[in-house]
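What follows is a short report on a single structure.
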Amino acid sequence: MSGGIQLSSDMISDIKAVITKHDPAAENELYFMQYLSAVTGYVLAHQDQPGMDKKALLADLSHFMGQVLDQVEQDMKPAEDAFGVWKPSDN
């Protein structure tokens, strides 16, 4: 992960446990992701730095989520070993 962010299955499970403690329906993965998005919007709404472009930051965060998605999916793919059959040419 870039930027020093370290994700792990344990950390995600811990976050999910906190959310499901407050709303058992968050056991559903898609519902859980809605909570994660809502938390981001909530925290961003409370930022009060002068001149902050919240919509641009939100777009940047969305792009970052896409990068994480791509990286994690790539990491989940099994390694492709080189395999083939060599045949000599008829020359």
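Residue numbering restarts at 1 for every chain of the structure tokens, chains are lettered A, B, ... in their displayed order, and ligands are numbered from 1 as they appear.
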
Non-local contacts of A:Ser62 (12 Å; only C-alpha atoms; under 5 positions in same chain excluded) as a list in words:
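Neighbouring residues, sequence-local ones excluded: Ser37, Thr40, Gly41, Lys55, Ala56, Leu57, Gln67, Val68 and Leu69 of chain A.
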
Since we have the selection now, will you write its residues out, keeping C-alpha atoms, as a PDB file, in the first residue's frame?
ATOM      1  CA  SER A  37     -18.493   5.520   3.101  1.00  0.00           C
ATOM      2  CA  THR A  40     -15.810   9.214   5.461  1.00  0.00           C
ATOM      3  CA  GLY A  41     -18.531  11.699   4.493  1.00  0.00           C
ATOM      4  CA  LYS A  55     -15.676  17.651  -3.226  1.00  0.00           C
ATOM      5  CA  ALA A  56     -12.195  17.463  -4.780  1.00  0.00           C
ATOM      6  CA  LEU A  57     -10.876  15.628  -1.729  1.00  0.00           C
ATOM      7  CA  GLN A  67      -6.157   2.040  -6.454  1.00  0.00           C
ATOM      8  CA  VAL A  68      -6.523  -0.030  -3.293  1.00  0.00           C
ATOM      9  CA  LEU A  69      -9.102  -2.233  -5.022  1.00  0.00           C
TER      10      LEU A  69
END

For stretch 11-23 of chain A, please output as an MDAnalysis selection string all residues within 12 Å (counting only C-alpha atoms; exclusion window: fewer than 2 positions along the same chain).
chainID A and resid 5:9 25:36 38:39

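Across the model, the gap from atom CA of A:Gln71 to atom CA of A:Ala45 is 28.2 Å.
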
Could you pull out the helix (DSSP H, G or I) residues of chain A from DSSP and send them as a count of residues only?
61

In Å to one decimal, how far is atom CA of A:Pro24 from atom CA of A:Met65?
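Atom CA of A:Met65 sits 24.8 Å away from atom CA of A:Pro24.
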